[in-house]
>>> print(open('data-v9.pdb').read())   # PDB, C-alpha atoms, pLDDT in the B column
ATOM      1  CA  MET Y 261      38.011 -18.154 -13.842  1.00 89.00           C
ATOM      2  CA  LYS Y 262      41.656 -18.750 -14.598  1.00 97.00           C
ATOM      3  CA  VAL Y 263      43.622 -16.060 -16.406  1.00 98.00           C
ATOM      4  CA  TRP Y 264      46.922 -16.060 -18.278  1.00 98.00           C
ATOM      5  CA  THR Y 265      48.725 -13.118 -19.834  1.00 98.00           C
ATOM      6  CA  GLY Y 266      51.080 -12.916 -22.769  1.00 97.00           C
ATOM      7  CA  PRO Y 267      53.046 -10.427 -24.809  1.00 95.00           C
ATOM      8  CA  ASP Y 268      51.603  -7.095 -25.977  1.00 94.00           C
ATOM      9  CA  GLY Y 269      48.643  -7.144 -23.599  1.00 95.00           C
ATOM     10  CA  LEU Y 270      47.379 -10.596 -24.605  1.00 97.00           C
ATOM     11  CA  ARG Y 271      44.967 -12.092 -22.079  1.00 98.00           C
ATOM     12  CA  VAL Y 272      43.485 -15.602 -22.072  1.00 98.00           C
ATOM     13  CA  THR Y 273      40.636 -16.345 -19.670  1.00 97.00           C
ATOM     14  CA  ALA Y 274      39.032 -19.740 -19.060  1.00 97.00           C
ATOM     15  CA  VAL Y 275      35.330 -18.896 -18.794  1.00 96.00           C
ATOM     16  CA  PRO Y 276      32.365 -21.023 -17.690  1.00 96.00           C
ATOM     17  CA  LEU Y 277      29.668 -20.592 -20.307  1.00 96.00           C
ATOM     18  CA  ASP Y 278      26.514 -19.319 -18.697  1.00 93.00           C
ATOM     19  CA  GLY Y 279      24.495 -16.120 -18.900  1.00 92.00           C
ATOM     20  CA  SER Y 280      25.973 -13.426 -21.113  1.00 94.00           C
ATOM     21  CA  HIS Y 281      29.172 -15.431 -21.660  1.00 93.00           C
ATOM     22  CA  ARG Y 282      27.054 -18.184 -23.232  1.00 94.00           C
ATOM     23  CA  ALA Y 283      25.378 -15.662 -25.537  1.00 94.00           C
ATOM     24  CA  TRP Y 284      28.701 -14.219 -26.745  1.00 91.00           C
ATOM     25  CA  ALA Y 285      30.189 -17.691 -27.175  1.00 93.00           C
ATOM     26  CA  ASP Y 286      27.147 -18.778 -29.223  1.00 93.00           C
ATOM     27  CA  PHE Y 287      27.594 -15.700 -31.416  1.00 91.00           C
ATOM     28  CA  ALA Y 288      31.278 -16.655 -31.944  1.00 91.00           C
ATOM     29  CA  GLY Y 289      30.363 -20.201 -32.986  1.00 93.00           C
ATOM     30  CA  VAL Y 290      31.214 -22.141 -29.824  1.00 94.00           C
ATOM     31  CA  PRO Y 291      29.313 -25.457 -29.876  1.00 94.00           C
ATOM     32  CA  ALA Y 292      26.122 -25.497 -27.794  1.00 93.00           C
ATOM     33  CA  ASP Y 293      27.327 -28.482 -25.741  1.00 94.00           C
ATOM     34  CA  ALA Y 294      30.502 -26.680 -24.569  1.00 95.00           C
ATOM     35  CA  THR Y 295      30.394 -25.778 -20.871  1.00 96.00           C
ATOM     36  CA  SER Y 296      33.526 -23.608 -20.913  1.00 96.00           C
ATOM     37  CA  ALA Y 297      35.795 -21.851 -23.383  1.00 97.00           C
ATOM     38  CA  PHE Y 298      38.867 -19.654 -23.600  1.00 97.00           C
ATOM     39  CA  LEU Y 299      38.284 -15.958 -24.215  1.00 96.00           C
ATOM     40  CA  VAL Y 300      41.288 -14.310 -25.911  1.00 97.00           C
ATOM     41  CA  THR Y 301      41.655 -10.525 -25.853  1.00 97.00           C
ATOM     42  CA  ARG Y 302      44.280  -7.867 -26.403  1.00 96.00           C
ATOM     43  CA  ALA Y 303      43.655  -4.444 -24.880  1.00 93.00           C
ATOM     44  CA  GLY Y 304      40.065  -5.515 -24.247  1.00 93.00           C
ATOM     45  CA  GLN Y 305      39.354  -6.439 -27.874  1.00 96.00           C
ATOM     46  CA  PRO Y 306      38.722 -10.021 -29.053  1.00 94.00           C
ATOM     47  CA  VAL Y 307      41.631 -11.669 -30.839  1.00 95.00           C
ATOM     48  CA  GLY Y 308      40.533 -13.681 -33.866  1.00 93.00           C
ATOM     49  CA  ARG Y 309      37.019 -14.923 -33.181  1.00 92.00           C
ATOM     50  CA  GLY Y 310      37.637 -14.338 -29.456  1.00 94.00           C
ATOM     51  CA  TRP Y 311      36.310 -17.646 -28.121  1.00 95.00           C
ATOM     52  CA  TYR Y 312      38.091 -21.017 -28.384  1.00 96.00           C
ATOM     53  CA  THR Y 313      36.690 -24.304 -27.092  1.00 95.00           C
ATOM     54  CA  THR Y 314      39.834 -26.433 -26.897  1.00 95.00           C
ATOM     55  CA  VAL Y 315      43.496 -25.944 -26.098  1.00 95.00           C
ATOM     56  CA  GLU Y 316      44.232 -27.207 -29.612  1.00 96.00           C
ATOM     57  CA  ASP Y 317      42.088 -24.425 -31.131  1.00 94.00           C
ATOM     58  CA  LEU Y 318      43.744 -21.905 -28.831  1.00 94.00           C
ATOM     59  CA  ALA Y 319      47.241 -23.112 -29.778  1.00 96.00           C
ATOM     60  CA  GLU Y 320      46.559 -22.326 -33.451  1.00 95.00           C
ATOM     61  CA  LEU Y 321      46.311 -18.641 -32.501  1.00 93.00           C
ATOM     62  CA  VAL Y 322      48.421 -18.228 -29.359  1.00 94.00           C
ATOM     63  CA  ASP Y 323      51.951 -19.376 -28.496  1.00 96.00           C
ATOM     64  CA  LEU Y 324      50.998 -21.213 -25.309  1.00 96.00           C
ATOM     65  CA  ALA Y 325      54.603 -21.152 -24.073  1.00 97.00           C
ATOM     66  CA  SER Y 326      54.434 -17.347 -23.931  1.00 97.00           C
ATOM     67  CA  LEU Y 327      51.550 -17.353 -21.426  1.00 97.00           C
ATOM     68  CA  THR Y 328      52.055 -16.860 -17.695  1.00 98.00           C
ATOM     69  CA  PRO Y 329      49.420 -17.149 -14.941  1.00 97.00           C
ATOM     70  CA  ALA Y 330      47.993 -13.755 -14.011  1.00 94.00           C
TER      71      ALA Y 330
END
>>> encode(input="data-v9.pdb", output="structure tokens")
Amino acid sequence: MKVWTGPDGLRVTAVPLDGSHRAWADFAGVPADATSAFLVTRAGQPVGRGWYTTVEDLAELVDLASLTPA
């Protein structure tokens, strides 16, 4: 998994969708054909719906320029 951090404890993790990650992603509305997604948290809590399939979806919520590799 790749991880980036941002301001105020923001954390973005690129997650392969299998096992329990797949179950949580399904619950959050990630399409069944997606094999990976971005999990966005702040202080351990999901931000927005928590799971985002594309960079475009992620960019609607997160200022991508503010992220740095963890």
>>> residues_near_point(input="data-v9.pdb", point="(36.4, -19.0, -22.7)", cutoff="9 Å", atoms="all atoms listed in the file", output="MDAnalysis selection string")
chainID Y and resid 272:277 281 285 296:300 310:313
>>> write_last_selection(input="data-v9.pdb", atoms="C-alpha atoms", output="PDB file, keeping the file's coordinate frame")
ATOM      1  CA  VAL Y 272      43.485 -15.602 -22.072  1.00 98.00           C
ATOM      2  CA  THR Y 273      40.636 -16.345 -19.670  1.00 97.00           C
ATOM      3  CA  ALA Y 274      39.032 -19.740 -19.060  1.00 97.00           C
ATOM      4  CA  VAL Y 275      35.330 -18.896 -18.794  1.00 96.00           C
ATOM      5  CA  PRO Y 276      32.365 -21.023 -17.690  1.00 96.00           C
ATOM      6  CA  LEU Y 277      29.668 -20.592 -20.307  1.00 96.00           C
ATOM      7  CA  HIS Y 281      29.172 -15.431 -21.660  1.00 93.00           C
ATOM      8  CA  ALA Y 285      30.189 -17.691 -27.175  1.00 93.00           C
ATOM      9  CA  SER Y 296      33.526 -23.608 -20.913  1.00 96.00           C
ATOM     10  CA  ALA Y 297      35.795 -21.851 -23.383  1.00 97.00           C
ATOM     11  CA  PHE Y 298      38.867 -19.654 -23.600  1.00 97.00           C
ATOM     12  CA  LEU Y 299      38.284 -15.958 -24.215  1.00 96.00           C
ATOM     13  CA  VAL Y 300      41.288 -14.310 -25.911  1.00 97.00           C
ATOM     14  CA  GLY Y 310      37.637 -14.338 -29.456  1.00 94.00           C
ATOM     15  CA  TRP Y 311      36.310 -17.646 -28.121  1.00 95.00           C
ATOM     16  CA  TYR Y 312      38.091 -21.017 -28.384  1.00 96.00           C
ATOM     17  CA  THR Y 313      36.690 -24.304 -27.092  1.00 95.00           C
TER      18      THR Y 313
END
>>> atom_distance(input="data-v9.pdb", atom1="CA of Thr328 (chain Y)", atom2="CA of Lys262 (chain Y)")
11.0 Å
>>> atom_distance(input="data-v9.pdb", atom1="CA of Ala283 (chain Y)", atom2="CA of Arg309 (chain Y)")
13.9 Å
>>> residues_around(input="data-v9.pdb", residues="Thr265 (chain Y)", least_positions_apart="4", cutoff="12 Å", atoms="only C-alpha atoms", output="JSON, numbers by chain")
{"Y": [269, 270, 271, 272, 273, 274, 299, 300, 301, 302, 303, 322, 323, 324, 325, 326, 327, 328, 329, 330]}
>>> atom_distance(input="data-v9.pdb", atom1="CA of Met261 (chain Y)", atom2="CA of Leu321 (chain Y)")
20.4 Å
